[in-house]
Amino acid sequence: MVMLVAGVFCLLTSPSIGELPRFEHHAKPEESLNVLVLGDWGRKGTHNQSFVAHQMGIVGEKLNIDFVISTGDNFYEDGLKGVDDPAFYESFVDIYTAPSLQKTWYSVLGNHDYRGDVEAQLSPVLRQKDSRWLCLRSFILNGEIVEFFFVDTTPFVEEYFTDPKEHTYDWDGVLPRATYLSELLKDVDSALVESKAKWKMVVGHHTINSAGHHGNTEDLKQLLVPILEANNVDAYINGHDHCLQHIIDKNSGIHFLTSGGGSKAWSSDVKPWNLEELKLYYDGQGFMSMQITKSNVDIVFYDVYGNTLHTWSISKDRNVAAWI
Ligand SMILES: *[C@@H]1O[C@H](CO)[C@@H](O)[C@H](O)[C@H]1NC(C)=O
């Protein structure tokens, strides 16, 4: 019975039953794959959004980026009202105007996006307005040396269903929730098991480990983390907390990278965290870059002026790993 319902659901949302939609990005030969990561941004340029955008343009050019990843909460306060909502221009098209940012923006939805018309944000009509825009609930991006698994995390958060407060969420396509989550987890797990990529990174809107305002998302810790650990995922990349943050889980070694500084930041809103794990916590605006090669992932966090706040190099050299 569960299988049957799940099968019907997948027919509606992805090209083949039980599989997440896939996209390919061919890495430049003998070069690194370079990416910018931004989250929690669409505020019509306010709250330093335009300044962050300007610096992204400069760093994007320097790194000759391949694409941009958006960790969600793309349009504040309540997503898009429809495909013709002018916020798509005011918060995206007319803000990220630098030539280097004219690449695909692979985007997931955040909880604020779920407060609007979700189908509008997923609609190909937006791609016609600006060909950079690519937003799906969950999907896979194969960049050869790296594979990104984008996961729709908002439906994991039980509180949005049981205690939505004054908000209305657009759960069309998500209900029944238990089926949606179990199918999604199964698909993510099997895609990770099958992945032959050197690097495996999972992208979602919500935090898993975070010293920020929202803190950890327990629902994801229970349901998603076992899958990340079993499949030796290298990094989990998220937004949701409006900060820049790098935590290395001391048990699993997974890097938890928060890039949620696209506009409004929450100054001084930080909880205590084990300093052996917490490599960066920055409570202002900014973004992150990743330069990915077969042997290394070099991570850099930038503030609103483009200053480097933190760098880290993750190595995939087996000898180095064994030696550590
Ligand atoms: C913009 O960024 C600067 C530098 O981090 C900060 O001092 C200022 O408060 C920010 N402005 C807003 C509106 O967040």
# chains A, B, ... in the order shown; residues from 1 in each chain; ligands from 1

$ residues_near_ligand --ligand "ligand 1" --cutoff "12 Å" --atoms "only C-alpha atoms and all ligand atoms" --output "PyMOL selection string"
chain A and resi 41+43+45-52+242-243+261-268+282-286+302-307+309

$ residues_around --residues "range 79-94 of chain A" --least-positions-apart "6" --cutoff "6 Å" --atoms "only C-alpha atoms" --output "PyMOL selection string"
chain A and resi 42-44+112-113+115-117+120

$ write_last_selection --atoms "C-alpha atoms" --output "PDB file, in the first residue's frame"
ATOM      1  CA  GLY A  42      15.646  37.822  -1.136  1.00  0.00           C
ATOM      2  CA  ARG A  43      14.880  41.191   0.482  1.00  0.00           C
ATOM      3  CA  LYS A  44      14.780  43.553  -2.515  1.00  0.00           C
ATOM      4  CA  HIS A 112       9.772  31.108   4.110  1.00  0.00           C
ATOM      5  CA  ASP A 113       9.427  29.920   0.498  1.00  0.00           C
ATOM      6  CA  ARG A 115       4.747  30.250   3.028  1.00  0.00           C
ATOM      7  CA  GLY A 116       4.108  31.394  -0.526  1.00  0.00           C
ATOM      8  CA  ASP A 117       3.149  29.695  -3.780  1.00  0.00           C
ATOM      9  CA  ALA A 120       5.448  29.273  -8.690  1.00  0.00           C
TER      10      ALA A 120
END

$ closest_residue --among "A:Glu166, A:Asp241, A:Glu229, A:Asp78" --to "His255 in chain A" --atoms "only C-alpha atoms"
A:Glu229

$ residues_around --residues "range 128-134 of chain A" --least-positions-apart "2" --cutoff "10 Å" --atoms "only C-alpha atoms" --output "list in words"
Phe67, Val68, Ile69, Ser70, Val83, Asp84, Phe88, Tyr89, Phe92, Val93, Leu101, Gln102, Lys103, Thr104, Trp105, Tyr106, Ser107, Val108, Gln121, Leu122, Ser123, Pro124, Val125, Leu126 and Leu136 of chain A

$ residues_around --residues "Phe148 in chain A" --least-positions-apart "3" --cutoff "7 Å" --atoms "only C-alpha atoms" --output "PyMOL selection string"
chain A and resi 140-142+200-203

$ residues_around --residues "range 183-195 of chain A" --least-positions-apart "3" --cutoff "8 Å" --atoms "only C-alpha atoms" --output "MDAnalysis selection string"
chainID A and resid 6 18:20 147 149 151 179:180 200 223:224 227 231

$ select_by_dssp --residues "range 64-176 of chain A" --states "alpha helix (DSSP H)" --output "PyMOL selection string"
chain A and resi 87-88+118-122+124-129+159-162

$ closest_residue --among "A:Asn111, A:Asn209, A:Thr258, A:Gln55" --to "Trp273 in chain A" --atoms "only C-alpha atoms"
A:Asn209

$ select_by_dssp --residues "range 17-249 of chain A" --states "strand (DSSP E or B)" --output "PDB file with N, CA and C atoms, in the first residue's frame"
ATOM      1  N   ARG A  22      17.867  14.510 -12.113  1.00  0.00           N
ATOM      2  CA  ARG A  22      19.325  14.640 -12.175  1.00  0.00           C
ATOM      3  C   ARG A  22      19.752  15.716 -13.160  1.00  0.00           C
ATOM      4  N   PHE A  23      20.791  16.441 -12.802  1.00  0.00           N
ATOM      5  CA  PHE A  23      21.394  17.422 -13.700  1.00  0.00           C
ATOM      6  C   PHE A  23      22.887  17.146 -13.759  1.00  0.00           C
ATOM      7  N   GLU A  24      23.478  17.484 -14.895  1.00  0.00           N
ATOM      8  CA  GLU A  24      24.915  17.243 -15.079  1.00  0.00           C
ATOM      9  C   GLU A  24      25.624  18.575 -15.228  1.00  0.00           C
ATOM     10  N   LEU A  33      36.300  22.667  -9.857  1.00  0.00           N
ATOM     11  CA  LEU A  33      34.909  23.098  -9.984  1.00  0.00           C
ATOM     12  C   LEU A  33      34.692  24.155  -8.910  1.00  0.00           C
ATOM     13  N   ASN A  34      34.304  25.347  -9.333  1.00  0.00           N
ATOM     14  CA  ASN A  34      34.215  26.466  -8.395  1.00  0.00           C
ATOM     15  C   ASN A  34      32.777  26.934  -8.232  1.00  0.00           C
ATOM     16  N   VAL A  35      32.394  27.112  -6.991  1.00  0.00           N
ATOM     17  CA  VAL A  35      30.986  27.358  -6.682  1.00  0.00           C
ATOM     18  C   VAL A  35      30.865  28.445  -5.619  1.00  0.00           C
ATOM     19  N   LEU A  36      29.827  29.261  -5.719  1.00  0.00           N
ATOM     20  CA  LEU A  36      29.466  30.147  -4.610  1.00  0.00           C
ATOM     21  C   LEU A  36      28.210  29.608  -3.937  1.00  0.00           C
ATOM     22  N   VAL A  37      28.146  29.778  -2.632  1.00  0.00           N
ATOM     23  CA  VAL A  37      26.988  29.306  -1.865  1.00  0.00           C
ATOM     24  C   VAL A  37      26.411  30.471  -1.066  1.00  0.00           C
ATOM     25  N   LEU A  38      25.103  30.694  -1.248  1.00  0.00           N
ATOM     26  CA  LEU A  38      24.411  31.822  -0.620  1.00  0.00           C
ATOM     27  C   LEU A  38      23.076  31.331  -0.063  1.00  0.00           C
ATOM     28  N   PHE A  67      28.875  27.594 -11.055  1.00  0.00           N
ATOM     29  CA  PHE A  67      27.469  27.846 -10.734  1.00  0.00           C
ATOM     30  C   PHE A  67      27.350  28.376  -9.313  1.00  0.00           C
ATOM     31  N   VAL A  68      26.102  28.703  -8.964  1.00  0.00           N
ATOM     32  CA  VAL A  68      25.792  29.203  -7.622  1.00  0.00           C
ATOM     33  C   VAL A  68      24.832  28.205  -6.976  1.00  0.00           C
ATOM     34  N   ILE A  69      24.997  27.987  -5.687  1.00  0.00           N
ATOM     35  CA  ILE A  69      24.040  27.177  -4.929  1.00  0.00           C
ATOM     36  C   ILE A  69      23.296  28.101  -3.981  1.00  0.00           C
ATOM     37  N   SER A  70      21.968  28.027  -4.009  1.00  0.00           N
ATOM     38  CA  SER A  70      21.171  28.758  -3.020  1.00  0.00           C
ATOM     39  C   SER A  70      20.592  27.773  -2.021  1.00  0.00           C
ATOM     40  N   TRP A 105      21.729  28.998 -11.053  1.00  0.00           N
ATOM     41  CA  TRP A 105      21.538  29.037  -9.601  1.00  0.00           C
ATOM     42  C   TRP A 105      20.734  27.809  -9.199  1.00  0.00           C
ATOM     43  N   TYR A 106      21.411  26.802  -8.678  1.00  0.00           N
ATOM     44  CA  TYR A 106      20.740  25.584  -8.217  1.00  0.00           C
ATOM     45  C   TYR A 106      20.194  25.861  -6.822  1.00  0.00           C
ATOM     46  N   SER A 107      18.866  25.821  -6.698  1.00  0.00           N
ATOM     47  CA  SER A 107      18.236  26.342  -5.488  1.00  0.00           C
ATOM     48  C   SER A 107      17.278  25.337  -4.860  1.00  0.00           C
ATOM     49  N   TRP A 133      17.676  30.632 -13.209  1.00  0.00           N
ATOM     50  CA  TRP A 133      16.903  30.121 -12.071  1.00  0.00           C
ATOM     51  C   TRP A 133      16.555  28.651 -12.215  1.00  0.00           C
ATOM     52  N   LEU A 134      16.959  27.842 -11.259  1.00  0.00           N
ATOM     53  CA  LEU A 134      16.602  26.433 -11.271  1.00  0.00           C
ATOM     54  C   LEU A 134      16.331  25.996  -9.836  1.00  0.00           C
ATOM     55  N   CYS A 135      15.067  25.838  -9.522  1.00  0.00           N
ATOM     56  CA  CYS A 135      14.679  25.470  -8.166  1.00  0.00           C
ATOM     57  C   CYS A 135      13.788  24.237  -8.227  1.00  0.00           C
ATOM     58  N   PHE A 139      16.807  17.149  -5.687  1.00  0.00           N
ATOM     59  CA  PHE A 139      17.412  16.747  -6.963  1.00  0.00           C
ATOM     60  C   PHE A 139      18.896  16.469  -6.771  1.00  0.00           C
ATOM     61  N   ILE A 140      19.504  15.971  -7.845  1.00  0.00           N
ATOM     62  CA  ILE A 140      20.918  15.639  -7.799  1.00  0.00           C
ATOM     63  C   ILE A 140      21.643  16.416  -8.880  1.00  0.00           C
ATOM     64  N   LEU A 141      22.813  16.941  -8.524  1.00  0.00           N
ATOM     65  CA  LEU A 141      23.656  17.633  -9.493  1.00  0.00           C
ATOM     66  C   LEU A 141      24.993  16.902  -9.544  1.00  0.00           C
ATOM     67  N   ASN A 142      25.244  16.315 -10.703  1.00  0.00           N
ATOM     68  CA  ASN A 142      26.473  15.558 -10.871  1.00  0.00           C
ATOM     69  C   ASN A 142      27.532  16.449 -11.513  1.00  0.00           C
ATOM     70  N   VAL A 146      32.430  15.757  -8.016  1.00  0.00           N
ATOM     71  CA  VAL A 146      31.575  15.985  -6.843  1.00  0.00           C
ATOM     72  C   VAL A 146      30.126  15.740  -7.241  1.00  0.00           C
ATOM     73  N   GLU A 147      29.377  15.178  -6.302  1.00  0.00           N
ATOM     74  CA  GLU A 147      27.946  15.063  -6.543  1.00  0.00           C
ATOM     75  C   GLU A 147      27.226  15.779  -5.402  1.00  0.00           C
ATOM     76  N   PHE A 148      26.297  16.660  -5.783  1.00  0.00           N
ATOM     77  CA  PHE A 148      25.497  17.393  -4.799  1.00  0.00           C
ATOM     78  C   PHE A 148      24.102  16.777  -4.741  1.00  0.00           C
ATOM     79  N   PHE A 149      23.643  16.531  -3.526  1.00  0.00           N
ATOM     80  CA  PHE A 149      22.309  15.966  -3.306  1.00  0.00           C
ATOM     81  C   PHE A 149      21.481  17.032  -2.602  1.00  0.00           C
ATOM     82  N   PHE A 150      20.556  17.625  -3.334  1.00  0.00           N
ATOM     83  CA  PHE A 150      19.726  18.701  -2.794  1.00  0.00           C
ATOM     84  C   PHE A 150      18.470  18.093  -2.168  1.00  0.00           C
ATOM     85  N   VAL A 151      18.243  18.404  -0.909  1.00  0.00           N
ATOM     86  CA  VAL A 151      17.154  17.775  -0.159  1.00  0.00           C
ATOM     87  C   VAL A 151      16.175  18.844   0.350  1.00  0.00           C
ATOM     88  N   TRP A 199      33.628  13.260  -4.168  1.00  0.00           N
ATOM     89  CA  TRP A 199      33.063  14.052  -3.074  1.00  0.00           C
ATOM     90  C   TRP A 199      31.542  13.968  -3.105  1.00  0.00           C
ATOM     91  N   LYS A 200      30.966  13.814  -1.916  1.00  0.00           N
ATOM     92  CA  LYS A 200      29.505  13.783  -1.816  1.00  0.00           C
ATOM     93  C   LYS A 200      29.077  14.873  -0.836  1.00  0.00           C
ATOM     94  N   MET A 201      28.240  15.762  -1.326  1.00  0.00           N
ATOM     95  CA  MET A 201      27.787  16.857  -0.475  1.00  0.00           C
ATOM     96  C   MET A 201      26.264  16.957  -0.541  1.00  0.00           C
ATOM     97  N   VAL A 202      25.666  17.148   0.610  1.00  0.00           N
ATOM     98  CA  VAL A 202      24.216  17.263   0.696  1.00  0.00           C
ATOM     99  C   VAL A 202      23.878  18.723   1.004  1.00  0.00           C
ATOM    100  N   VAL A 203      22.891  19.235   0.278  1.00  0.00           N
ATOM    101  CA  VAL A 203      22.467  20.630   0.452  1.00  0.00           C
ATOM    102  C   VAL A 203      21.015  20.650   0.920  1.00  0.00           C
ATOM    103  N   GLY A 204      20.745  21.396   1.972  1.00  0.00           N
ATOM    104  CA  GLY A 204      19.362  21.568   2.427  1.00  0.00           C
ATOM    105  C   GLY A 204      19.220  22.941   3.054  1.00  0.00           C
ATOM    106  N   ALA A 235      30.198  16.710   3.338  1.00  0.00           N
ATOM    107  CA  ALA A 235      29.715  17.974   3.899  1.00  0.00           C
ATOM    108  C   ALA A 235      28.203  18.064   3.788  1.00  0.00           C
ATOM    109  N   TYR A 236      27.610  18.758   4.744  1.00  0.00           N
ATOM    110  CA  TYR A 236      26.202  19.152   4.675  1.00  0.00           C
ATOM    111  C   TYR A 236      26.181  20.674   4.658  1.00  0.00           C
ATOM    112  N   ILE A 237      25.523  21.222   3.642  1.00  0.00           N
ATOM    113  CA  ILE A 237      25.545  22.670   3.406  1.00  0.00           C
ATOM    114  C   ILE A 237      24.131  23.212   3.573  1.00  0.00           C
ATOM    115  N   ASN A 238      23.977  24.255   4.380  1.00  0.00           N
ATOM    116  CA  ASN A 238      22.637  24.749   4.697  1.00  0.00           C
ATOM    117  C   ASN A 238      22.611  26.258   4.877  1.00  0.00           C
ATOM    118  N   LEU A 244      27.295  32.849   9.122  1.00  0.00           N
ATOM    119  CA  LEU A 244      28.253  31.995   8.422  1.00  0.00           C
ATOM    120  C   LEU A 244      28.896  31.121   9.484  1.00  0.00           C
ATOM    121  N   GLN A 245      28.982  29.842   9.204  1.00  0.00           N
ATOM    122  CA  GLN A 245      29.379  28.925  10.271  1.00  0.00           C
ATOM    123  C   GLN A 245      30.024  27.667   9.708  1.00  0.00           C
ATOM    124  N   HIS A 246      31.037  27.165  10.410  1.00  0.00           N
ATOM    125  CA  HIS A 246      31.693  25.916  10.022  1.00  0.00           C
ATOM    126  C   HIS A 246      31.884  25.062  11.263  1.00  0.00           C
ATOM    127  N   ILE A 247      31.223  23.920  11.271  1.00  0.00           N
ATOM    128  CA  ILE A 247      31.351  22.960  12.375  1.00  0.00           C
ATOM    129  C   ILE A 247      31.845  21.647  11.782  1.00  0.00           C
ATOM    130  N   ILE A 248      32.853  21.047  12.410  1.00  0.00           N
ATOM    131  CA  ILE A 248      33.265  19.692  12.013  1.00  0.00           C
ATOM    132  C   ILE A 248      32.814  18.739  13.114  1.00  0.00           C
TER     133      ILE A 248
END

$ residues_around --residues "Val270 in chain A" --least-positions-apart "6" --cutoff "8 Å" --atoms "only C-alpha atoms" --output "PyMOL selection string"
chain A and resi 211-213+283

$ write_last_selection --atoms "C-alpha atoms" --output "short mmCIF file (atom, residue, chain, number, x, y, z; two decimals), in the first residue's frame"
data_model
loop_
_atom_site.label_atom_id
_atom_site.label_comp_id
_atom_site.auth_asym_id
_atom_site.auth_seq_id
_atom_site.Cartn_x
_atom_site.Cartn_y
_atom_site.Cartn_z
CA ALA A 211 25.19 27.31 17.28
CA GLY A 212 22.91 29.93 15.73
CA HIS A 213 19.45 31.25 16.55
CA ASP A 283 27.04 36.79 12.94
#

$ atom_distance --atom1 "CA of Gly57 in chain A" --atom2 "CA of Thr97 in chain A"
7.8 Å

$ residues_around --residues "Gly110 in chain A" --least-positions-apart "5" --cutoff "8 Å" --atoms "only C-alpha atoms" --output "mmCIF file with C-alpha atoms, in the first residue's frame"
data_model
loop_
_atom_site.group_PDB
_atom_site.id
_atom_site.type_symbol
_atom_site.label_atom_id
_atom_site.label_comp_id
_atom_site.auth_asym_id
_atom_site.auth_seq_id
_atom_site.Cartn_x
_atom_site.Cartn_y
_atom_site.Cartn_z
ATOM 1 C CA THR A 71 20.404 27.141 0.318
ATOM 2 C CA GLY A 72 16.842 28.537 0.370
ATOM 3 C CA ASP A 73 14.694 31.260 1.867
ATOM 4 C CA ASN A 74 14.976 32.783 -1.560
ATOM 5 C CA THR A 153 14.181 19.900 4.344
ATOM 6 C CA THR A 154 11.129 22.021 5.265
ATOM 7 C CA HIS A 205 17.846 24.706 3.853
ATOM 8 C CA HIS A 206 17.661 23.741 7.513
ATOM 9 C CA HIS A 240 18.297 28.950 7.849
#

$ closest_residue --among "A:Phe75, A:His54, A:Ser289, A:Arg177" --to "Trp312 in chain A" --atoms "only C-alpha atoms"
A:Ser289

$ closest_residue --among "A:Leu181, A:Val157, A:Ile145, A:Ala98" --to "Lys294 in chain A" --atoms "only C-alpha atoms"
A:Ile145

$ closest_residue --among "A:Tyr96, A:Glu277, A:Pro155, A:Ala27" --to "Ser182 in chain A" --atoms "only C-alpha atoms"
A:Pro155

$ decode --residues "range 140-203 of chain A" --atoms "C-alpha atoms" --output "mmCIF file, in the first residue's frame"
data_model
loop_
_atom_site.group_PDB
_atom_site.id
_atom_site.type_symbol
_atom_site.label_atom_id
_atom_site.label_comp_id
_atom_site.auth_asym_id
_atom_site.auth_seq_id
_atom_site.Cartn_x
_atom_site.Cartn_y
_atom_site.Cartn_z
ATOM 1 C CA ILE A 140 20.918 15.639 -7.799
ATOM 2 C CA LEU A 141 23.656 17.633 -9.493
ATOM 3 C CA ASN A 142 26.473 15.558 -10.871
ATOM 4 C CA GLY A 143 29.654 17.594 -11.266
ATOM 5 C CA GLU A 144 31.804 14.509 -11.980
ATOM 6 C CA ILE A 145 34.336 14.855 -9.156
ATOM 7 C CA VAL A 146 31.575 15.985 -6.843
ATOM 8 C CA GLU A 147 27.946 15.063 -6.543
ATOM 9 C CA PHE A 148 25.497 17.393 -4.799
ATOM 10 C CA PHE A 149 22.309 15.966 -3.306
ATOM 11 C CA PHE A 150 19.726 18.701 -2.794
ATOM 12 C CA VAL A 151 17.154 17.775 -0.159
ATOM 13 C CA ASP A 152 13.828 19.483 0.571
ATOM 14 C CA THR A 153 14.181 19.900 4.344
ATOM 15 C CA THR A 154 11.129 22.021 5.265
ATOM 16 C CA PRO A 155 8.702 19.049 5.320
ATOM 17 C CA PHE A 156 10.993 17.351 7.878
ATOM 18 C CA VAL A 157 10.219 19.974 10.506
ATOM 19 C CA GLU A 158 7.193 18.627 12.377
ATOM 20 C CA GLU A 159 6.535 21.905 14.171
ATOM 21 C CA TYR A 160 5.490 23.590 10.905
ATOM 22 C CA PHE A 161 2.643 21.060 10.679
ATOM 23 C CA THR A 162 1.630 20.794 14.328
ATOM 24 C CA ASP A 163 2.195 24.405 15.422
ATOM 25 C CA PRO A 164 2.419 26.680 12.360
ATOM 26 C CA LYS A 165 1.767 29.795 14.493
ATOM 27 C CA GLU A 166 0.443 32.669 12.362
ATOM 28 C CA HIS A 167 1.909 31.196 9.162
ATOM 29 C CA THR A 168 0.267 29.274 6.355
ATOM 30 C CA TYR A 169 2.401 26.709 4.554
ATOM 31 C CA ASP A 170 1.733 25.459 1.053
ATOM 32 C CA TRP A 171 1.902 21.687 1.541
ATOM 33 C CA ASP A 172 0.466 20.814 -1.892
ATOM 34 C CA GLY A 173 2.536 17.913 -3.200
ATOM 35 C CA VAL A 174 3.943 17.109 0.249
ATOM 36 C CA LEU A 175 0.996 15.329 1.882
ATOM 37 C CA PRO A 176 0.743 12.747 3.248
ATOM 38 C CA ARG A 177 3.896 13.867 5.023
ATOM 39 C CA ALA A 178 5.056 10.437 6.249
ATOM 40 C CA THR A 179 5.012 9.043 2.716
ATOM 41 C CA TYR A 180 6.776 12.094 1.314
ATOM 42 C CA LEU A 181 9.571 11.839 3.869
ATOM 43 C CA SER A 182 10.070 8.086 3.647
ATOM 44 C CA GLU A 183 10.229 8.201 -0.159
ATOM 45 C CA LEU A 184 12.623 11.128 -0.104
ATOM 46 C CA LEU A 185 14.918 9.468 2.437
ATOM 47 C CA LYS A 186 14.895 6.242 0.413
ATOM 48 C CA ASP A 187 15.754 8.133 -2.783
ATOM 49 C CA VAL A 188 18.545 10.136 -1.176
ATOM 50 C CA ASP A 189 19.998 7.031 0.432
ATOM 51 C CA SER A 190 19.974 4.957 -2.765
ATOM 52 C CA ALA A 191 21.437 7.839 -4.789
ATOM 53 C CA LEU A 192 24.239 8.203 -2.232
ATOM 54 C CA VAL A 193 24.893 4.460 -2.215
ATOM 55 C CA GLU A 194 25.150 4.448 -6.023
ATOM 56 C CA SER A 195 27.277 7.592 -6.252
ATOM 57 C CA LYS A 196 30.799 7.097 -7.545
ATOM 58 C CA ALA A 197 31.784 10.726 -7.093
ATOM 59 C CA LYS A 198 34.931 11.507 -5.167
ATOM 60 C CA TRP A 199 33.063 14.052 -3.074
ATOM 61 C CA LYS A 200 29.505 13.783 -1.816
ATOM 62 C CA MET A 201 27.787 16.857 -0.475
ATOM 63 C CA VAL A 202 24.216 17.263 0.696
ATOM 64 C CA VAL A 203 22.467 20.630 0.452
#
